[in-house]
$ cat input_30.cif   # mmCIF, C-alpha atoms and all ligand atoms
data_start
#
loop_
_atom_site.label_atom_id
_atom_site.label_comp_id
_atom_site.auth_asym_id
_atom_site.auth_seq_id
_atom_site.Cartn_x
_atom_site.Cartn_y
_atom_site.Cartn_z
CA MET A 986 -110.48 -186.59 185.53
CA GLU A 987 -107.90 -188.33 183.38
CA VAL A 988 -108.67 -187.07 179.93
CA LYS A 989 -106.55 -185.60 177.17
CA GLU A 990 -106.82 -181.84 177.56
CA LYS A 991 -106.70 -179.48 174.59
CA LYS A 992 -105.90 -175.87 175.58
CA VAL A 993 -107.75 -172.93 174.03
CA VAL A 994 -106.72 -169.28 173.65
CA SER A 995 -109.04 -166.50 172.28
CA ASP A 996 -110.33 -163.71 174.56
CA GLN A 997 -113.16 -162.40 172.36
CA THR A 998 -116.41 -164.00 171.28
CA ILE A 999 -117.43 -164.65 167.69
CA PRO A 1000 -119.19 -161.62 166.14
CA TYR A 1001 -122.87 -161.29 167.03
CA TYR A 1002 -124.09 -161.26 163.41
CA LEU A 1003 -123.44 -165.01 163.45
CA TYR A 1004 -126.45 -165.26 165.78
CA THR A 1005 -128.83 -163.11 163.72
CA ASP A 1006 -128.07 -163.62 160.02
CA PRO A 1007 -130.26 -166.21 158.21
CA ASN A 1008 -127.50 -166.83 155.64
CA VAL A 1009 -125.14 -167.92 158.40
CA LEU A 1010 -127.54 -170.69 159.40
CA LYS A 1011 -127.65 -171.94 155.79
CA VAL A 1012 -123.85 -172.26 155.82
CA GLU A 1013 -123.94 -173.90 159.27
CA GLN A 1014 -126.44 -176.51 158.06
CA GLU A 1015 -124.03 -177.50 155.28
CA LYS A 1016 -120.69 -177.16 157.05
CA ILE A 1017 -121.64 -178.11 160.61
CA PHE A 1018 -124.86 -180.13 160.87
CA ALA A 1019 -124.44 -182.10 157.62
CA LYS A 1020 -120.82 -182.94 158.50
CA SER A 1021 -120.94 -183.89 162.18
CA TRP A 1022 -122.23 -186.90 164.09
CA GLN A 1023 -125.75 -186.10 165.24
CA PHE A 1024 -127.38 -188.00 168.10
CA VAL A 1025 -130.69 -189.47 166.88
CA GLY A 1026 -131.75 -192.08 169.43
CA HIS A 1027 -130.97 -194.67 172.08
CA ILE A 1028 -130.47 -198.37 171.52
CA SER A 1029 -133.52 -199.07 173.72
CA GLN A 1030 -135.69 -197.59 170.93
CA LEU A 1031 -134.63 -200.36 168.52
CA ALA A 1032 -134.90 -203.39 170.79
CA ASN A 1033 -136.53 -205.71 168.18
CA GLN A 1034 -136.12 -206.53 164.49
CA GLY A 1035 -138.30 -204.15 162.49
CA ASP A 1036 -138.29 -201.40 165.15
CA TYR A 1037 -137.73 -198.02 163.55
CA PHE A 1038 -137.79 -194.31 164.35
CA THR A 1039 -137.72 -191.24 162.13
CA CYS A 1040 -135.87 -187.99 162.74
CA GLU A 1041 -134.40 -184.96 161.02
CA VAL A 1042 -130.71 -184.21 160.58
CA ALA A 1043 -129.57 -180.93 158.99
CA GLY A 1044 -133.14 -180.51 157.74
CA GLU A 1045 -133.09 -183.95 156.04
CA PRO A 1046 -135.72 -186.61 156.82
CA ILE A 1047 -134.01 -189.76 158.14
CA ILE A 1048 -135.26 -193.22 159.18
CA VAL A 1049 -133.28 -195.57 161.44
CA VAL A 1050 -134.31 -199.23 161.52
CA ARG A 1051 -133.18 -202.56 163.00
CA GLY A 1052 -133.12 -205.16 160.21
CA LYS A 1053 -134.00 -208.86 160.19
CA ASP A 1054 -130.25 -209.51 160.54
CA GLU A 1055 -130.20 -207.32 163.74
CA GLU A 1056 -128.13 -204.69 161.91
CA ILE A 1057 -129.05 -201.05 162.60
CA ARG A 1058 -129.22 -199.03 159.37
CA ALA A 1059 -130.14 -195.44 158.54
CA PHE A 1060 -131.59 -194.12 155.30
CA TYR A 1061 -132.91 -190.88 153.91
CA ASN A 1062 -136.64 -191.22 154.61
CA VAL A 1063 -137.33 -190.44 150.96
CA CYS A 1064 -138.82 -192.65 148.22
CA PRO A 1065 -136.52 -193.19 145.20
CA HIS A 1066 -139.57 -193.17 142.86
CA ARG A 1067 -140.64 -189.54 143.26
CA ALA A 1068 -139.22 -188.25 146.54
CA THR A 1069 -142.24 -188.71 148.81
CA LYS A 1070 -141.43 -188.90 152.51
CA LEU A 1071 -141.64 -192.62 153.17
CA GLU A 1072 -142.51 -193.18 156.85
CA LYS A 1073 -144.73 -190.55 158.45
CA LYS A 1074 -144.86 -191.90 162.01
CA GLU A 1075 -142.20 -191.08 164.61
CA GLU A 1076 -141.64 -194.71 165.55
CA GLY A 1077 -143.05 -198.19 165.16
CA ASN A 1078 -142.34 -201.72 163.99
CA LYS A 1079 -142.55 -202.86 160.35
CA LYS A 1080 -141.68 -205.98 158.38
CA ILE A 1081 -141.50 -203.93 155.25
CA LEU A 1082 -141.48 -200.19 154.53
CA GLN A 1083 -144.12 -198.89 152.14
CA CYS A 1084 -144.40 -195.58 150.33
CA GLY A 1085 -147.93 -194.15 150.59
CA TYR A 1086 -147.91 -192.60 147.08
CA HIS A 1087 -147.60 -195.41 144.46
CA GLY A 1088 -147.03 -198.24 146.89
CA TRP A 1089 -143.37 -199.11 146.35
CA THR A 1090 -142.16 -201.34 149.17
CA PHE A 1091 -138.67 -201.74 150.62
CA ASN A 1092 -136.97 -204.39 152.71
CA LEU A 1093 -135.51 -203.33 156.05
CA ASP A 1094 -132.03 -203.37 154.48
CA GLY A 1095 -133.19 -200.61 152.08
CA SER A 1096 -133.45 -202.80 148.96
CA LEU A 1097 -136.51 -202.48 146.72
CA HIS A 1098 -139.11 -205.18 147.40
CA LYS A 1099 -141.87 -204.31 144.94
CA ALA A 1100 -142.68 -201.45 142.57
CA PRO A 1101 -146.32 -202.10 141.51
CA ASN A 1102 -146.35 -199.56 138.67
CA PHE A 1103 -143.22 -201.14 137.16
CA LYS A 1104 -144.41 -204.76 137.23
CA ASP A 1105 -144.18 -205.08 133.44
CA VAL A 1106 -140.67 -203.65 133.34
CA PRO A 1107 -138.30 -206.66 133.27
CA ASN A 1108 -135.94 -207.07 136.28
CA PHE A 1109 -136.93 -203.68 137.69
CA CYS A 1110 -137.08 -204.87 141.30
CA SER A 1111 -133.63 -206.39 141.11
CA GLY A 1112 -132.32 -203.02 139.95
CA SER A 1113 -130.82 -200.18 141.97
CA ALA A 1114 -133.96 -198.34 143.16
CA CYS A 1115 -132.96 -198.73 146.81
CA LEU A 1116 -133.30 -196.34 149.71
CA ARG A 1117 -130.28 -194.06 149.98
CA SER A 1118 -128.28 -195.03 153.05
CA VAL A 1119 -126.70 -192.75 155.66
CA ARG A 1120 -123.75 -193.44 158.01
CA VAL A 1121 -124.97 -194.69 161.39
CA GLU A 1122 -122.91 -195.76 164.42
CA THR A 1123 -123.65 -196.64 168.04
CA GLU A 1124 -121.40 -195.98 171.06
CA ALA A 1125 -122.37 -196.22 174.74
CA SER A 1126 -125.92 -197.21 173.63
CA LEU A 1127 -126.29 -193.87 171.81
CA ILE A 1128 -127.14 -193.91 168.09
CA PHE A 1129 -125.65 -191.21 165.88
CA VAL A 1130 -125.91 -190.53 162.15
CA ASN A 1131 -123.64 -188.48 159.90
CA LEU A 1132 -124.68 -187.24 156.45
CA ASP A 1133 -121.01 -186.94 155.48
CA GLU A 1134 -119.97 -190.20 153.83
CA SER A 1135 -116.28 -189.45 154.42
CA ALA A 1136 -116.61 -188.51 158.11
CA LYS A 1137 -114.23 -190.07 160.66
CA PRO A 1138 -115.82 -192.93 162.62
CA LEU A 1139 -117.87 -191.77 165.63
CA ALA A 1140 -115.51 -193.04 168.35
CA GLU A 1141 -112.51 -191.33 166.71
CA SER A 1142 -114.39 -188.05 166.28
CA TYR A 1143 -114.56 -187.26 170.00
CA GLY A 1144 -111.10 -188.06 171.38
CA ASP A 1145 -111.43 -190.19 174.50
CA PHE A 1146 -115.07 -189.23 175.24
CA PHE A 1147 -116.56 -192.70 174.90
CA GLU A 1148 -113.74 -194.12 177.05
CA GLU A 1149 -114.48 -191.46 179.69
CA LEU A 1150 -118.17 -192.38 179.59
CA LYS A 1151 -117.34 -195.96 180.57
CA ARG A 1152 -116.91 -194.74 184.17
CA PHE A 1153 -120.73 -194.84 184.32
CA GLU A 1154 -121.26 -198.57 184.27
CA PHE A 1155 -125.05 -198.20 184.41
CA LEU A 1156 -125.40 -196.52 180.98
CA GLY A 1157 -126.21 -199.77 179.15
CA GLU A 1158 -129.08 -200.48 181.57
CA LEU A 1159 -130.84 -197.18 180.97
CA LYS A 1160 -133.97 -196.63 178.88
CA LYS A 1161 -135.37 -193.53 177.26
CA VAL A 1162 -138.24 -192.70 179.59
CA ARG A 1163 -139.24 -189.10 178.84
CA GLN A 1164 -138.71 -186.56 176.09
CA LYS A 1165 -139.73 -182.94 176.17
CA THR A 1166 -139.25 -180.22 173.63
CA ARG A 1167 -139.22 -176.49 174.01
CA VAL A 1168 -139.12 -173.78 171.36
CA ILE A 1169 -136.46 -171.25 172.38
CA LYS A 1170 -136.41 -167.76 170.90
CA ALA A 1171 -132.64 -167.64 170.42
CA ASN A 1172 -129.99 -168.82 167.97
CA TRP A 1173 -128.86 -172.41 168.66
CA LYS A 1174 -125.32 -171.26 169.52
CA ALA A 1175 -126.57 -169.03 172.35
CA PHE A 1176 -127.74 -172.08 174.32
CA ILE A 1177 -124.44 -173.91 173.69
CA ASP A 1178 -122.54 -170.85 174.95
CA ASN A 1179 -124.74 -170.87 178.04
CA TYR A 1180 -124.15 -174.56 178.76
CA LEU A 1181 -120.39 -174.22 178.37
CA GLU A 1182 -119.74 -171.88 181.28
CA CYS A 1183 -120.87 -171.67 184.88
CA ASP A 1184 -119.91 -168.04 185.59
CA HIS A 1185 -123.67 -167.42 185.40
CA CYS A 1186 -124.54 -170.18 187.87
CA PRO A 1187 -124.22 -168.21 191.16
CA ILE A 1188 -126.56 -165.49 189.82
CA SER A 1189 -128.98 -167.60 187.84
CA HIS A 1190 -129.10 -171.10 189.35
CA PRO A 1191 -129.43 -170.72 193.14
CA ALA A 1192 -130.59 -174.31 193.63
CA LEU A 1193 -127.68 -175.68 191.60
CA VAL A 1194 -124.97 -173.71 193.41
CA ALA A 1195 -126.54 -174.55 196.78
CA THR A 1196 -125.86 -178.19 195.89
CA LEU A 1197 -122.56 -178.22 194.01
CA ASP A 1198 -119.14 -177.28 195.35
CA MET A 1199 -118.53 -174.28 193.08
CA ASN A 1200 -115.03 -173.60 194.50
CA ASN A 1201 -113.82 -176.73 192.77
CA TYR A 1202 -115.84 -176.39 189.57
CA LYS A 1203 -113.71 -177.35 186.57
CA ILE A 1204 -114.10 -177.05 182.82
CA ILE A 1205 -111.77 -179.20 180.74
CA THR A 1206 -111.63 -178.79 176.97
CA CYS A 1207 -110.78 -181.97 175.02
CA GLU A 1208 -110.84 -183.02 171.35
CA ASN A 1209 -114.22 -181.91 169.97
CA TYR A 1210 -115.82 -182.16 173.41
CA SER A 1211 -115.56 -180.73 176.92
CA ILE A 1212 -116.27 -181.79 180.48
CA GLN A 1213 -117.54 -179.73 183.37
CA GLY A 1214 -117.92 -181.04 186.85
CA THR A 1215 -117.38 -180.78 190.54
CA ALA A 1216 -118.26 -182.59 193.73
CA VAL A 1217 -121.51 -182.18 195.61
CA LYS A 1218 -121.22 -180.20 198.87
CA PRO A 1219 -121.17 -182.40 201.97
CA ASN A 1220 -124.64 -183.09 203.45
CA LYS A 1221 -126.46 -181.83 200.36
CA GLN A 1222 -128.91 -183.52 198.07
CA VAL A 1223 -129.73 -183.22 194.37
CA GLY A 1224 -133.53 -183.29 194.10
CA SER A 1225 -134.30 -185.72 196.90
CA VAL A 1226 -131.31 -188.02 196.32
CA GLU A 1227 -129.39 -188.87 199.48
CA LEU A 1228 -125.76 -188.86 198.48
CA ASP A 1229 -124.60 -191.83 200.47
CA LYS A 1230 -126.77 -193.85 198.08
CA ALA A 1231 -125.48 -192.06 195.01
CA GLU A 1232 -123.52 -193.97 192.39
CA MET A 1233 -121.23 -190.98 191.91
CA GLN A 1234 -120.61 -187.93 194.02
CA GLY A 1235 -120.29 -185.14 191.49
CA GLY A 1236 -122.34 -184.26 188.43
CA ARG A 1237 -120.73 -184.37 184.99
CA PHE A 1238 -121.74 -182.07 182.16
CA TYR A 1239 -120.39 -182.99 178.74
CA TRP A 1240 -120.67 -181.12 175.49
CA LEU A 1241 -120.06 -182.75 172.09
CA TRP A 1242 -119.48 -180.66 168.99
CA PRO A 1243 -121.67 -179.13 167.76
CA ASN A 1244 -125.01 -179.33 169.60
CA LEU A 1245 -125.26 -182.28 172.01
CA MET A 1246 -125.04 -182.01 175.79
CA VAL A 1247 -124.89 -185.06 178.03
CA THR A 1248 -125.56 -184.60 181.74
CA ILE A 1249 -125.17 -187.21 184.43
CA TYR A 1250 -126.23 -186.20 187.92
CA PRO A 1251 -125.28 -187.84 191.18
CA GLY A 1252 -127.82 -190.36 192.31
CA PRO A 1253 -129.42 -193.49 190.89
CA GLY A 1254 -128.39 -194.32 187.28
CA ASN A 1255 -129.46 -191.38 185.15
CA MET A 1256 -128.51 -189.49 182.03
CA SER A 1257 -130.14 -186.55 180.32
CA LEU A 1258 -129.41 -185.32 176.83
CA ILE A 1259 -130.04 -181.86 175.50
CA GLN A 1260 -129.95 -181.17 171.77
CA MET A 1261 -130.26 -177.74 170.23
CA ILE A 1262 -131.75 -178.05 166.77
CA PRO A 1263 -132.09 -174.85 164.74
CA ILE A 1264 -135.60 -174.09 163.47
CA ASP A 1265 -134.47 -170.80 161.95
CA HIS A 1266 -131.61 -168.38 162.65
CA GLU A 1267 -133.35 -166.97 165.75
CA THR A 1268 -135.44 -169.95 166.89
CA THR A 1269 -134.23 -173.28 168.24
CA LEU A 1270 -135.92 -176.51 169.23
CA GLY A 1271 -134.51 -177.70 172.55
CA VAL A 1272 -134.95 -181.48 172.84
CA TYR A 1273 -134.55 -182.79 176.39
CA THR A 1274 -134.40 -186.58 176.75
CA TYR A 1275 -134.26 -188.33 180.13
CA PHE A 1276 -132.91 -191.83 180.68
CA PHE A 1277 -133.44 -193.96 183.78
CA ARG A 1278 -133.46 -197.67 184.54
CA ASP A 1279 -137.23 -198.01 184.53
CA GLU A 1280 -140.18 -196.25 182.91
CA ASN A 1281 -141.96 -196.14 186.28
CA LEU A 1282 -140.07 -193.32 187.88
CA THR A 1283 -139.42 -193.17 191.61
CA LYS A 1284 -140.02 -190.00 193.60
CA GLU A 1285 -136.24 -189.38 193.62
CA GLU A 1286 -136.13 -189.58 189.83
CA LEU A 1287 -139.17 -187.33 189.38
CA ASP A 1288 -137.55 -184.80 191.73
CA LEU A 1289 -134.33 -184.94 189.69
CA ILE A 1290 -136.31 -184.18 186.49
CA LYS A 1291 -138.00 -181.26 188.27
CA PHE A 1292 -134.58 -179.99 189.38
CA MET A 1293 -133.18 -180.24 185.82
CA GLU A 1294 -136.24 -178.48 184.38
CA GLN A 1295 -135.86 -175.61 186.79
CA VAL A 1296 -132.22 -175.13 185.66
CA ARG A 1297 -133.35 -175.43 182.02
CA ASP A 1298 -136.04 -172.73 182.41
CA GLU A 1299 -133.55 -170.41 184.08
CA ASP A 1300 -131.15 -170.87 181.14
CA VAL A 1301 -133.82 -170.39 178.46
CA GLU A 1302 -134.81 -167.05 179.96
CA LEU A 1303 -131.16 -165.92 179.83
CA VAL A 1304 -130.50 -166.87 176.20
CA GLU A 1305 -133.76 -165.28 175.03
CA LEU A 1306 -132.64 -162.01 176.66
CA GLU A 1307 -129.22 -162.41 175.06
CA GLN A 1308 -130.77 -162.80 171.58
CA ILE A 1309 -132.40 -159.35 171.97
CA GLY A 1310 -128.95 -157.87 172.55
CA PHE A 1311 -127.36 -159.78 169.66
CA ARG A 1312 -129.74 -157.85 167.37
CA SER A 1313 -128.75 -154.50 168.86
CA ARG A 1314 -126.13 -152.22 167.31
CA ALA A 1315 -124.75 -151.53 170.80
CA PHE A 1316 -121.92 -154.09 170.63
CA MET A 1317 -120.45 -156.22 167.86
CA LYS A 1318 -118.94 -158.93 170.07
CA GLY A 1319 -118.21 -159.81 173.70
CA VAL A 1320 -115.25 -160.82 175.89
CA PHE A 1321 -114.36 -163.99 177.79
CA SER A 1322 -113.43 -164.36 181.44
CA PRO A 1323 -110.59 -166.79 182.34
CA THR A 1324 -113.17 -169.39 183.41
CA GLU A 1325 -115.07 -169.40 180.11
CA ASN A 1326 -112.61 -171.71 178.37
CA GLY A 1327 -115.42 -174.07 177.31
CA VAL A 1328 -117.08 -171.30 175.27
CA VAL A 1329 -113.70 -170.24 173.86
CA GLN A 1330 -113.23 -173.73 172.46
CA PHE A 1331 -116.70 -173.69 170.86
CA HIS A 1332 -116.14 -170.26 169.30
CA ASP A 1333 -112.71 -171.25 167.96
CA MET A 1334 -114.33 -174.24 166.26
CA ILE A 1335 -117.11 -172.06 164.81
CA ARG A 1336 -114.50 -169.58 163.49
CA GLU A 1337 -112.54 -172.36 161.86
CA VAL A 1338 -115.49 -174.07 160.18
CA LEU A 1339 -117.14 -170.83 158.99
CA GLU A 1340 -113.72 -169.36 158.07
CA ILE A 1341 -114.34 -166.17 160.07
CA GLU A 1342 -111.42 -163.78 160.06
CA GLU A 1343 -111.53 -160.76 162.39
S1 LIG B 1401 -143.29 -191.69 145.23
FE1 LIG B 1401 -143.04 -193.47 146.39
S2 LIG B 1401 -143.98 -195.00 145.22
FE2 LIG B 1401 -144.13 -193.24 144.00
FE FE B 1402 -127.10 -172.39 183.12
#
$ encode --input "input_30.cif" --output "structure tokens" --more "lines below"
Ligand code: FES
Ligand SMILES: [Fe+2]
Amino acid sequence: MEVKEKKVVSDQTIPYYLYTDPNVLKVEQEKIFAKSWQFVGHISQLANQGDYFTCEVAGEPIIVVRGKDEEIRAFYNVCPHRATKLEKKEEGNKKILQCGYHGWTFNLDGSLHKAPNFKDVPNFCSGSACLRSVRVETEASLIFVNLDESAKPLAESYGDFFEELKRFEFLGELKKVRQKTRVIKANWKAFIDNYLECDHCPISHPALVATLDMNNYKIITCENYSIQGTAVKPNKQVGSVELDKAEMQGGRFYWLWPNLMVTIYPGPGNMSLIQMIPIDHETTLGVYTYFFRDENLTKEELDLIKFMEQVRDEDVELVELEQIGFRSRAFMKGVFSPTENGVVQFHDMIREVLEIEE
């Protein structure tokens, strides 16, 4: 893997109160989620002019829409008249956006179209009552928004990640075909910690280690992201994929600061995304999105989803048990093994942003 490596150093975890204190999550929403690029959707969801989807970023309602000029724009999904949430549906196609309260309408570029209760106010609709826009950028067919107006552009925020992703030539052909959510009874960081090391794999993921060559498993920390990967053992399959037909031989597991995980398994063009979105300080919404070439999945692809879901369930059980211990007075923090460098990087970033001194 030819990527720019960034070495990490600590040998102790962040303190456990960061996983159990509701005030910590409030600070994280401001300093982490409202200041980082957050994945919100795939380009295949905005194929036509007027296509839109709604989402939440750092607790804020957001709408992303493809305009009549083909431009993709994002706005706070909030009416400038009196704050009503504008679009209620998760996705759809509109020529014009309309608020359901007093009927203000907006063009797809966010400008005010009509304000019926202001029709006798001269020049009101040419005024500045527009939707409030949000930074939005697309790389590798993935759409991200950032609530921080002064954030670095997306591609520059993750070192050479989007260059690295170009090795998968099929990414532009993929479509979002399935999305599942799961409420996890653990702090969002516990799942990220879990994803960022594979010391637990031999104990907890028998099917995964039966398939992957764990002796050559590598974790490489890079600028604001990391890569894990290895080759598949000879004569093994992932799900029911025969590897001589696979487009790549080893799986790749990427993590992007702070809460996005991108997994590409060997086999026919595939990508799965995992996002960990905090519901509260001890509850997290896991959003699992699967991308394949076609909505009609083959048996191989269905088997791959089943395989990924088994690994996911094994991980959820672990982090829910970990959350019980985070609440205990038994220990205040934990230690890292030499092969947990991916978690070290994440914890160093958390310490820096939250200004934790120990
Ligand atoms: S709150 Fe939207 S039109 Fe009044
Ligand atoms: Fe795991």
$ atom_distance --input "input_30.cif" --atom1 "atom CA of A:Ser1257" --atom2 "atom CA of A:Asn1281"
16.3 Å
$ closest_atom_pairs --input "input_30.cif" --of "chain A" --to "ligand LIG 1401 (chain B)" --cutoff "10 Å" --atoms "all atoms listed in the file" --output "CSV"
residue,atom,partner,partner_atom,distance
A:Val1063,CA,B:LIG1401,FE1,7.9
A:Cys1064,CA,B:LIG1401,FE1,4.7
A:Pro1065,CA,B:LIG1401,FE1,6.6
A:His1066,CA,B:LIG1401,S1,4.7
A:Arg1067,CA,B:LIG1401,S1,3.9
A:Ala1068,CA,B:LIG1401,S1,5.5
A:Thr1069,CA,B:LIG1401,S1,4.8
A:Lys1070,CA,B:LIG1401,FE1,7.8
A:Leu1071,CA,B:LIG1401,FE1,7.0
A:Gln1083,CA,B:LIG1401,S2,7.9
A:Cys1084,CA,B:LIG1401,FE1,4.7
A:Gly1085,CA,B:LIG1401,FE1,6.5
A:Tyr1086,CA,B:LIG1401,FE2,4.9
A:His1087,CA,B:LIG1401,S2,3.7
A:Gly1088,CA,B:LIG1401,S2,4.8
A:Trp1089,CA,B:LIG1401,S2,4.3
A:Thr1090,CA,B:LIG1401,S2,7.7
A:Lys1099,CA,B:LIG1401,S2,9.6
A:Ala1100,CA,B:LIG1401,S2,7.1
A:Pro1101,CA,B:LIG1401,S2,8.3
A:Asn1102,CA,B:LIG1401,S2,8.3
$ residues_near_ligand --input "input_30.cif" --ligand "ligand FE 1402 (chain B)" --cutoff "9 Å" --atoms "all atoms listed in the file" --output "NGL selection string"
:A and (1176 or 1179-1186 or 1189-1190 or 1296-1301 or 1303)
$ closest_residue --input "input_30.cif" --among "A:Ala1175, A:Leu1339, A:Ile1262, A:Ile1017" --to "A:Cys1040" --atoms "all atoms listed in the file"
A:Ile1262
$ closest_residue --input "input_30.cif" --among "A:Met1199, A:Leu1159, A:Leu1093, A:Val1042" --to "A:Gly1236" --atoms "all atoms listed in the file"
A:Met1199
$ residues_around --input "input_30.cif" --residues "stretch 1201-1216 of chain A" --least-positions-apart "5" --cutoff "6 Å" --atoms "only C-alpha atoms" --output "VMD selection string"
chain A and resid 989 to 991 1143 to 1144 1234 to 1242
$ write_last_selection --input "input_30.cif" --atoms "C-alpha atoms" --output "mmCIF file, in the coordinates of the input"
data_model
loop_
_atom_site.group_PDB
_atom_site.id
_atom_site.type_symbol
_atom_site.label_atom_id
_atom_site.label_comp_id
_atom_site.auth_asym_id
_atom_site.auth_seq_id
_atom_site.Cartn_x
_atom_site.Cartn_y
_atom_site.Cartn_z
ATOM 1 C CA LYS A 989 -106.550 -185.600 177.170
ATOM 2 C CA GLU A 990 -106.820 -181.840 177.560
ATOM 3 C CA LYS A 991 -106.700 -179.480 174.590
ATOM 4 C CA TYR A 1143 -114.560 -187.260 170.000
ATOM 5 C CA GLY A 1144 -111.100 -188.060 171.380
ATOM 6 C CA GLN A 1234 -120.610 -187.930 194.020
ATOM 7 C CA GLY A 1235 -120.290 -185.140 191.490
ATOM 8 C CA GLY A 1236 -122.340 -184.260 188.430
ATOM 9 C CA ARG A 1237 -120.730 -184.370 184.990
ATOM 10 C CA PHE A 1238 -121.740 -182.070 182.160
ATOM 11 C CA TYR A 1239 -120.390 -182.990 178.740
ATOM 12 C CA TRP A 1240 -120.670 -181.120 175.490
ATOM 13 C CA LEU A 1241 -120.060 -182.750 172.090
ATOM 14 C CA TRP A 1242 -119.480 -180.660 168.990
#
$ closest_residue --input "input_30.cif" --among "A:Ile1259, A:Ile1177, A:Asn1092, A:Gln1308" --to "A:His1332" --atoms "all atoms listed in the file"
A:Ile1177
$ atom_distance --input "input_30.cif" --atom1 "atom CA of A:Glu1158" --atom2 "atom CA of A:Leu1031"
14.2 Å
$ residues_around --input "input_30.cif" --residues "stretch 1118-1122 of chain A" --least-positions-apart "2" --cutoff "7 Å" --atoms "all atoms listed in the file" --output "VMD selection string"
chain A and resid 1058 to 1061 1116 1124 1128 to 1132 1134 1139
$ axis_aligned_box --input "input_30.cif" --around "stretch 1292-1310 of chain A" --padding-each-side "3 Å" --output "lines of an AutoDock Vina configuration file"
center_x = -132.6
center_y = -169.1
center_z = 180.5
size_x = 13.3
size_y = 28.4
size_z = 23.8
